[in-house]
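Listing of query-v3.cif, mmCIF, C-alpha atoms
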data_start
#
loop_
_atom_site.label_atom_id
_atom_site.label_comp_id
_atom_site.auth_asym_id
_atom_site.auth_seq_id
_atom_site.Cartn_x
_atom_site.Cartn_y
_atom_site.Cartn_z
CA MET A 233 15.10 63.49 43.98
CA ARG A 234 11.91 61.86 45.26
CA ARG A 235 9.92 63.63 42.53
CA ARG A 236 12.31 62.38 39.81
CA THR A 237 12.04 58.81 41.14
CA LEU A 238 8.25 59.08 41.08
CA GLN A 239 8.34 60.35 37.50
CA LEU A 240 10.63 57.48 36.47
CA GLY A 241 8.28 54.97 38.05
CA VAL A 242 5.30 56.43 36.21
CA ALA A 243 7.23 56.26 32.93
CA ILE A 244 8.07 52.61 33.48
CA LEU A 245 4.44 51.78 34.26
CA PHE A 246 3.35 53.62 31.12
CA PHE A 247 5.89 51.68 29.01
CA LEU A 248 4.74 48.35 30.43
CA ALA A 249 1.11 49.24 29.82
CA ALA A 250 1.83 50.23 26.22
CA ALA A 251 4.02 47.21 25.43
CA PRO A 252 2.23 44.23 23.86
CA LEU A 253 1.64 41.33 26.19
CA PRO A 254 3.68 38.19 25.41
CA GLN A 255 1.69 35.78 23.29
CA LYS A 256 0.93 32.36 24.74
CA ARG A 257 2.18 29.46 22.70
CA ALA A 258 -0.61 28.21 20.51
CA ALA A 259 -1.99 24.89 21.65
CA HIS A 260 -1.25 21.96 19.35
CA ARG A 261 -4.32 21.33 17.27
CA GLN A 262 -5.19 18.56 14.89
CA PRO A 263 -5.90 19.76 11.36
CA PRO A 264 -9.62 20.01 10.70
CA PRO A 265 -11.16 16.99 8.98
CA PRO A 266 -11.70 17.36 5.24
CA PRO A 267 -15.18 18.43 4.20
CA PRO A 268 -17.56 15.58 3.39
CA LEU A 269 -17.67 14.40 -0.20
CA PRO A 270 -20.78 15.23 -2.23
CA CYS A 271 -21.32 11.50 -2.80
CA GLY A 272 -19.95 8.64 -0.74
CA ASP A 273 -16.77 8.88 1.34
CA LEU A 274 -13.11 8.02 0.83
CA PHE A 275 -13.37 4.59 2.47
CA SER A 276 -16.34 3.64 0.29
CA PHE A 277 -14.60 4.83 -2.88
CA GLN A 278 -11.54 2.74 -1.99
CA VAL A 279 -13.58 -0.40 -1.36
CA LEU A 280 -15.50 -0.01 -4.62
CA LEU A 281 -12.32 0.61 -6.61
CA ASP A 282 -10.68 -2.46 -5.07
CA ARG A 283 -13.71 -4.62 -5.88
CA GLN A 284 -13.72 -3.51 -9.51
CA GLY A 285 -10.05 -4.09 -10.22
CA TYR A 286 -8.65 -0.59 -9.66
CA SER A 287 -6.57 -1.11 -6.57
CA PRO A 288 -5.93 1.94 -4.38
CA GLY A 289 -3.25 -0.09 -2.58
CA GLN A 290 -3.77 -0.18 1.15
CA ILE A 291 -7.33 0.80 2.09
CA ASP A 292 -6.96 3.50 4.74
CA GLY A 293 -9.88 5.91 4.26
CA LYS A 294 -7.52 8.68 3.19
CA THR A 295 -6.74 10.46 -0.03
CA GLY A 296 -3.30 10.14 -1.60
CA VAL A 297 -1.44 9.54 -4.83
CA ASN A 298 -2.35 5.82 -5.05
CA PHE A 299 -6.04 6.58 -4.57
CA THR A 300 -5.93 9.44 -7.08
CA HIS A 301 -4.23 7.32 -9.76
CA ALA A 302 -6.65 4.41 -9.26
CA LEU A 303 -9.61 6.75 -9.47
CA ALA A 304 -8.27 8.43 -12.63
CA ALA A 305 -7.68 5.03 -14.25
CA MET A 306 -11.25 3.97 -13.48
CA GLN A 307 -12.65 7.29 -14.72
CA SER A 308 -10.76 6.98 -18.00
CA ALA A 309 -12.02 3.42 -18.51
CA ARG A 310 -15.62 4.58 -17.92
CA SER A 311 -15.31 7.56 -20.31
CA LEU A 312 -15.31 10.12 -17.51
CA ALA A 313 -12.96 13.05 -17.09
CA ALA A 314 -9.83 11.48 -15.55
CA SER A 315 -9.56 14.07 -12.78
CA GLY A 316 -8.73 11.69 -9.94
CA THR A 317 -11.37 13.52 -7.93
CA PRO A 318 -14.06 11.51 -6.08
CA ASP A 319 -17.12 13.26 -7.50
CA CYS A 320 -20.75 12.17 -7.90
CA ASP A 321 -20.38 11.05 -11.52
CA THR A 322 -17.60 8.69 -10.46
CA TRP A 323 -19.61 7.47 -7.48
CA HIS A 324 -22.52 6.60 -9.74
CA ALA A 325 -20.21 4.93 -12.30
CA LEU A 326 -18.89 2.73 -9.49
CA GLY A 327 -22.47 1.82 -8.56
CA GLY A 328 -22.08 3.39 -5.16
CA ASP A 329 -25.78 3.96 -4.54
CA ALA A 330 -26.62 0.30 -5.18
CA ALA A 331 -23.46 -1.27 -3.74
CA GLY A 332 -24.98 -2.24 -0.41
CA GLU A 333 -22.81 -2.70 2.65
CA LEU A 334 -19.17 -1.76 2.09
CA THR A 335 -18.09 -3.22 5.41
CA ALA A 336 -18.44 -6.84 6.43
CA THR A 337 -18.15 -8.83 9.64
CA TYR A 338 -15.44 -11.37 10.32
CA THR A 339 -15.22 -13.69 13.29
CA ILE A 340 -11.67 -14.24 14.51
CA SER A 341 -10.70 -17.89 14.74
CA GLU A 342 -8.10 -19.74 16.79
CA GLY A 343 -6.14 -20.19 13.58
CA ASP A 344 -5.91 -16.42 13.10
CA LEU A 345 -4.18 -16.14 16.46
CA LYS A 346 -1.89 -19.17 16.60
CA GLY A 347 0.56 -17.97 13.96
CA PRO A 348 3.39 -18.71 13.77
CA PHE A 349 4.28 -15.03 14.13
CA GLU A 350 7.68 -13.39 13.98
CA GLU A 351 7.30 -10.40 16.28
CA LYS A 352 10.76 -8.93 15.72
CA ILE A 353 12.03 -8.87 12.14
CA PRO A 354 15.36 -7.06 11.88
CA PRO A 355 15.85 -4.66 8.96
CA ASP A 356 19.26 -6.18 8.17
CA LEU A 357 18.97 -8.85 5.47
CA MET A 358 21.82 -10.94 6.86
CA ALA A 359 19.99 -11.05 10.20
CA GLN A 360 16.71 -11.94 8.46
CA ALA A 361 18.41 -14.96 6.92
CA LYS A 362 18.75 -16.45 10.42
CA LEU A 363 14.97 -16.52 10.96
CA PRO A 364 13.04 -19.78 10.36
CA ALA A 365 10.41 -17.90 8.31
CA LEU A 366 9.39 -14.34 7.46
CA SER A 367 5.90 -14.64 8.93
CA TYR A 368 3.50 -11.91 9.91
CA ARG A 369 4.51 -10.03 13.02
CA THR A 370 1.10 -9.97 14.71
CA PRO A 371 -2.49 -11.16 14.19
CA LEU A 372 -3.44 -7.53 13.45
CA GLU A 373 -0.98 -7.37 10.57
CA ALA A 374 -2.27 -10.66 9.16
CA LEU A 375 -5.92 -9.59 9.41
CA ALA A 376 -5.19 -6.22 7.85
CA GLU A 377 -3.57 -7.86 4.80
CA ARG A 378 -6.45 -10.32 4.53
CA PHE A 379 -8.82 -7.39 3.99
CA HIS A 380 -6.42 -5.13 2.05
CA ALA A 381 -6.42 -2.57 4.85
CA SER A 382 -3.94 -0.62 6.91
CA PRO A 383 -3.63 -1.90 10.48
CA ALA A 384 -4.51 1.61 11.69
CA LEU A 385 -7.81 1.54 9.78
CA LEU A 386 -8.71 -1.90 11.12
CA LYS A 387 -8.08 -0.68 14.66
CA GLN A 388 -10.16 2.43 14.01
CA MET A 389 -13.04 0.34 12.68
CA ASN A 390 -12.93 -1.79 15.84
CA THR A 391 -12.11 0.68 18.60
CA GLY A 392 -12.02 -1.03 21.97
CA VAL A 393 -12.49 -4.51 20.50
CA ALA A 394 -9.94 -7.13 21.58
CA LEU A 395 -8.61 -9.47 18.90
CA THR A 396 -9.59 -12.72 20.60
CA ALA A 397 -10.96 -15.98 19.22
CA GLY A 398 -14.71 -15.79 18.68
CA THR A 399 -14.76 -11.99 18.51
CA THR A 400 -16.54 -10.46 15.51
CA ILE A 401 -14.89 -7.44 13.90
CA ARG A 402 -15.77 -5.04 11.10
CA VAL A 403 -13.62 -5.20 7.95
CA PRO A 404 -13.65 -3.73 4.43
CA ALA A 405 -16.01 -5.77 2.25
CA VAL A 406 -13.43 -6.95 -0.31
CA GLN A 407 -12.34 -10.36 -1.59
CA PRO A 408 -10.21 -11.70 1.29
CA PHE A 409 -6.57 -12.42 0.56
CA ASP A 410 -5.20 -15.74 1.80
CA PRO A 411 -1.40 -15.99 1.64
CA ASP A 412 -1.63 -19.78 1.87
CA VAL A 413 -3.74 -20.19 -1.29
CA LYS A 414 -1.81 -20.11 -4.55
CA PRO A 415 -3.64 -18.14 -7.28
CA VAL A 416 -5.11 -20.17 -10.13
CA TRP A 417 -4.41 -18.81 -13.60
CA ASP A 418 -7.45 -17.15 -15.18
CA PRO A 419 -7.90 -18.44 -18.77
CA SER A 420 -9.77 -15.25 -19.71
CA ALA A 421 -6.38 -13.51 -19.39
CA ALA A 422 -4.82 -15.53 -22.23
CA ASP A 423 -4.22 -12.36 -24.26
CA ALA A 424 -3.09 -10.23 -21.31
CA THR A 425 -0.33 -7.64 -21.53
CA VAL A 426 1.26 -6.00 -18.47
CA THR A 427 2.42 -2.39 -18.61
CA VAL A 428 4.41 -0.74 -15.81
CA SER A 429 4.66 3.06 -15.83
CA LYS A 430 7.54 4.64 -13.93
CA ASP A 431 6.04 8.14 -14.08
CA GLU A 432 2.67 7.00 -12.78
CA SER A 433 4.04 4.34 -10.37
CA ALA A 434 1.33 2.04 -11.66
CA LEU A 435 0.83 -1.38 -13.25
CA ARG A 436 -1.90 -2.16 -15.76
CA VAL A 437 -3.05 -5.50 -17.10
CA ALA A 438 -5.06 -5.24 -20.32
CA HIS A 439 -6.58 -7.44 -23.01
CA ALA A 440 -5.21 -7.34 -26.56
CA ASP A 441 -7.89 -4.79 -27.52
CA GLY A 442 -6.74 -2.46 -24.72
CA SER A 443 -9.71 -3.07 -22.42
CA PRO A 444 -8.57 -3.00 -18.78
CA MET A 445 -8.35 -6.07 -16.56
CA PHE A 446 -6.49 -4.75 -13.52
CA PHE A 447 -4.77 -1.63 -12.19
CA ALA A 448 -2.53 -1.32 -9.13
CA PRO A 449 0.02 1.06 -7.61
CA VAL A 450 3.65 -0.08 -7.66
CA THR A 451 7.08 0.97 -6.51
CA THR A 452 9.57 1.00 -9.39
CA GLY A 453 13.31 1.33 -9.01
CA SER A 454 15.32 4.31 -7.79
CA GLU A 455 18.03 6.67 -8.98
CA HIS A 456 20.53 3.89 -8.21
CA ASP A 457 18.48 1.13 -9.86
CA PRO A 458 16.21 2.78 -12.45
CA LEU A 459 13.45 0.76 -14.09
CA PRO A 460 14.89 -0.46 -17.43
CA ALA A 461 12.52 0.65 -20.19
CA GLY A 462 11.79 -2.04 -22.72
CA ASN A 463 9.69 -5.03 -23.65
CA TRP A 464 10.07 -8.22 -21.64
CA LYS A 465 8.19 -11.45 -20.97
CA VAL A 466 7.11 -13.50 -17.99
CA ARG A 467 9.21 -16.62 -17.51
CA GLY A 468 7.33 -18.09 -14.58
CA VAL A 469 5.51 -17.54 -11.28
CA GLN A 470 6.90 -18.72 -7.95
CA TRP A 471 4.60 -18.79 -4.92
CA HIS A 472 6.12 -18.25 -1.47
CA PRO A 473 9.61 -17.83 -2.86
CA PRO A 474 12.79 -17.67 -0.82
CA PHE A 475 14.81 -14.52 -1.37
CA HIS A 476 18.36 -15.00 -2.59
CA TYR A 477 20.33 -12.03 -1.31
CA ASN A 478 23.34 -11.11 -3.41
CA PRO A 479 25.05 -8.01 -1.95
CA ARG A 480 26.73 -7.32 -5.29
CA LEU A 481 23.32 -6.34 -6.67
CA PHE A 482 22.55 -3.90 -3.83
CA TRP A 483 24.12 -0.47 -3.93
CA ASP A 484 23.46 -0.05 -0.20
CA ALA A 485 24.80 -3.45 0.89
CA LYS A 486 26.93 -3.36 4.02
CA PRO A 487 30.64 -4.22 3.89
CA GLY A 488 31.04 -7.82 4.90
CA ASP A 489 27.62 -8.94 3.65
CA ALA A 490 27.68 -12.30 1.89
CA ARG A 491 25.30 -14.22 -0.31
CA THR A 492 22.51 -15.75 1.72
CA THR A 493 18.94 -17.02 1.42
CA ILE A 494 15.98 -15.58 3.33
CA LYS A 495 13.15 -17.98 4.06
CA PRO A 496 9.67 -17.52 2.51
CA GLY A 497 6.78 -15.67 4.14
CA PRO A 498 4.63 -12.57 3.67
CA ASN A 499 7.37 -10.45 5.26
CA ASN A 500 10.03 -11.83 2.94
CA PRO A 501 11.67 -8.99 0.92
CA VAL A 502 9.69 -10.12 -2.16
CA GLY A 503 6.51 -10.99 -0.31
CA ILE A 504 4.41 -14.00 -1.22
CA VAL A 505 5.02 -14.21 -4.97
CA TRP A 506 7.81 -13.66 -7.49
CA ILE A 507 6.85 -13.20 -11.16
CA ASP A 508 10.08 -13.82 -13.02
CA LEU A 509 10.97 -11.93 -16.21
CA ASN A 510 13.44 -12.62 -19.01
CA LEU A 511 15.45 -9.73 -17.62
CA PRO A 512 18.15 -10.89 -15.19
CA HIS A 513 17.44 -10.05 -11.54
CA TYR A 514 14.10 -8.33 -12.33
CA GLY A 515 10.57 -9.39 -11.49
CA LEU A 516 7.13 -8.34 -10.27
CA HIS A 517 6.64 -9.24 -6.62
CA GLY A 518 4.96 -8.60 -3.28
CA THR A 519 6.30 -6.68 -0.31
CA PRO A 520 6.51 -6.75 3.49
CA GLU A 521 5.59 -3.04 3.58
CA PRO A 522 2.25 -2.52 1.78
CA GLY A 523 1.88 1.01 3.17
CA ASN A 524 5.02 2.09 1.29
CA VAL A 525 3.99 0.88 -2.16
CA GLY A 526 3.90 3.82 -4.56
CA HIS A 527 5.70 6.06 -2.07
CA THR A 528 9.26 4.73 -1.67
CA GLU A 529 12.03 3.39 -3.87
CA SER A 530 13.01 -0.20 -4.65
CA HIS A 531 16.14 -1.95 -5.84
CA GLY A 532 14.92 -1.95 -9.43
CA CYS A 533 12.12 -4.50 -9.38
CA VAL A 534 8.38 -3.80 -9.44
CA ARG A 535 6.86 -4.06 -5.97
CA LEU A 536 3.12 -4.45 -5.23
CA THR A 537 1.11 -5.17 -2.11
CA ASN A 538 0.94 -8.91 -1.49
CA TRP A 539 -2.76 -9.07 -2.37
CA ASP A 540 -2.26 -7.15 -5.62
CA ALA A 541 0.76 -9.26 -6.54
CA ALA A 542 -1.43 -12.35 -6.07
CA ARG A 543 -4.02 -10.85 -8.41
CA VAL A 544 -1.38 -10.23 -11.07
CA ALA A 545 -0.05 -13.77 -10.64
CA ALA A 546 -3.48 -15.10 -11.64
CA LEU A 547 -3.43 -13.04 -14.87
CA VAL A 548 0.00 -13.95 -16.27
CA LYS A 549 1.75 -17.07 -17.52
CA PRO A 550 5.05 -17.85 -19.22
CA GLY A 551 5.20 -15.69 -22.34
CA THR A 552 2.92 -12.87 -21.11
CA PRO A 553 4.34 -9.60 -22.47
CA VAL A 554 5.53 -7.04 -19.90
CA GLN A 555 6.39 -3.49 -20.94
CA PHE A 556 8.42 -1.12 -18.75
CA ARG A 557 8.14 2.52 -19.69
#

Could you write out this file's structure as C-alpha cells?
Amino acid sequence: MRRRTLQLGVAILFFLAAAPLPQKRAAHRQPPPPPPLPCGDLFSFQVLLDRQGYSPGQIDGKTGVNFTHALAAMQSARSLAASGTPDCDTWHALGGDAAGELTATYTISEGDLKGPFEEKIPPDLMAQAKLPALSYRTPLEALAERFHASPALLKQMNTGVALTAGTTIRVPAVQPFDPDVKPVWDPSAADATVTVSKDESALRVAHADGSPMFFAPVTTGSEHDPLPAGNWKVRGVQWHPPFHYNPRLFWDAKPGDARTTIKPGPNNPVGIVWIDLNLPHYGLHGTPEPGNVGHTESHGCVRLTNWDAARVAALVKPGTPVQFR
C-alpha cells in the first residue's frame, strides 16, 4: 500500500512538471508610437495645411480621416498624387523646409481668464435654454479654439505650465480665431461657389474657374436627416445667433419638449455663426464640439468647427451658390 501511494505521488509530480505553467496576464501596454515621417511630422503638416486654406479640423498632431482628406485636397490642387499620405513631395509643396517656426508663443492675459465661463452645460436643449449664455466652459477650451487646437494638444505642448495671467505658452502658429470679431466679407470671393460632399464629409469653396479658395471637414446629416442633394443659395449670415429649438424638427426630441430659444455663444448648438440657405431649416454653421466634426452625425445641417465656419462666413454673401451632393 505504501509503495502504491509512493508511485501515485511520483505520477502526480510528473504530471505537474509536464503541465504548462499558467501564463501571467500580459501587462497593459501603450501601442508603439508611429514611425517618424520621412519629412516633417503630423503636427507640422496640420499647421501648414491650416495656414494654406486646407483645414484638417482640430489640430491634434494625429492622423485621421479629416487630416487625410485635407491632405488629399491640397495634393490634388498642387498636381500631386492625391494619396492623402504625408510624404516628402507634399511637404515640399507646402513649403515645409522654409516655413520657419510652426509653433508660436502666447502670453495669457487677465481677459483670457475672466470669462464669463459656463462650466456645466447640460446636454439637454431645454436645460440649455435656461442658461444666460452658451459660453466656453474653461479658459483652456477658449485658448484651444483660438489656436484651432484640441485641448489635449495644448496641454501636451505646455506640460506642467499653469494657465495664469502673464504666463507664456506654446501654441500652433496659425491665424488666431476670435469669437468676438465678426468676419468681414472678402471681395475676392465675389464669384465663390460652395460645394458640400456627403461622401467625403467635406466643404469646398472655389472660384468660378474651379481654383480652390478653402477646404474644411464637415458633419453632414444622418440616416434620420440626410443631406438633401441639390443646388441652393446663401440668404444671409448671422453672427452669434441664438438657436431656436423646435422639437418637431428633431427625431430624437424628448416627449414634453417645447419650442424654446438657446442664447448665443461658442457652445450654442450652432456655434458662433449661422449661414442661412434658401432651404427651410438648413444652414452652414459652427459647433460646440469641434473634435466631433467629420466623425459624428448632425440633424441635417452642415456643421464646421467655429473657426472654419468663420472662414466660410467671410467668403459668402447673399446669393452665393451652395451645392449639396

Inset, instruction - Could you state which residues are captured by the PyMOL selection byres ((chain A and resi 358-367) around 12) in this file, as a ChimeraX atom specification? - result: /A:346-357,368-371,373-374,411-412,472-479,485-504,519-520

Legend entry - Length of the CA of Leu303 in chain A to CA of Val525 in chain A vector [Å]: 16.5 Å

Legend entry - Target residues per the PyMOL selection byres ((chain A and resi 296) around 12), formatted as number ranges by chain: A: 274, 278, 288-295, 297-303, 316-318, 449, 523-527

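Of note, CA of Ala461 in chain A and CA of Lys549 in chain A are spaced 20.9 Å apart.
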
Legend entry - Selection result for the PyMOL selection byres ((chain A and resi 465) around 8) on this file, as a PyMOL selection string: chain A and resi 463-464+466-467+509-510+550-554

Per residue of range 482-550 of chain A within 12 Å of range 281-286 of chain A, record the nearest atom pair and its distance in Å to one decimal, counting all atoms listed in the file, with rows in chain order and ascending residue number, as CSV.
residue,atom,partner,partner_atom,distance
A:Trp539,CA,A:Asp282,CA,10.7
A:Asp540,CA,A:Gly285,CA,9.6
A:Arg543,CA,A:Gly285,CA,9.2
A:Val544,CA,A:Gly285,CA,10.7

Legend entry - Closest of A:Ser276, A:Gln388, A:Gln407, A:Ser433 to Gly332 in chain A - atom-to-atom distances counting all atoms listed in the file: A:Ser276

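Coordinates place CA of Glu432 in chain A at a distance of 19.2 Å from CA of Arg310 in chain A.
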
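Distances from A:Leu481, A:Leu536, A:Ala336, A:Val393 to Leu435 in chain A were compared using only C-alpha atoms, and the smallest one belongs to A:Leu536.
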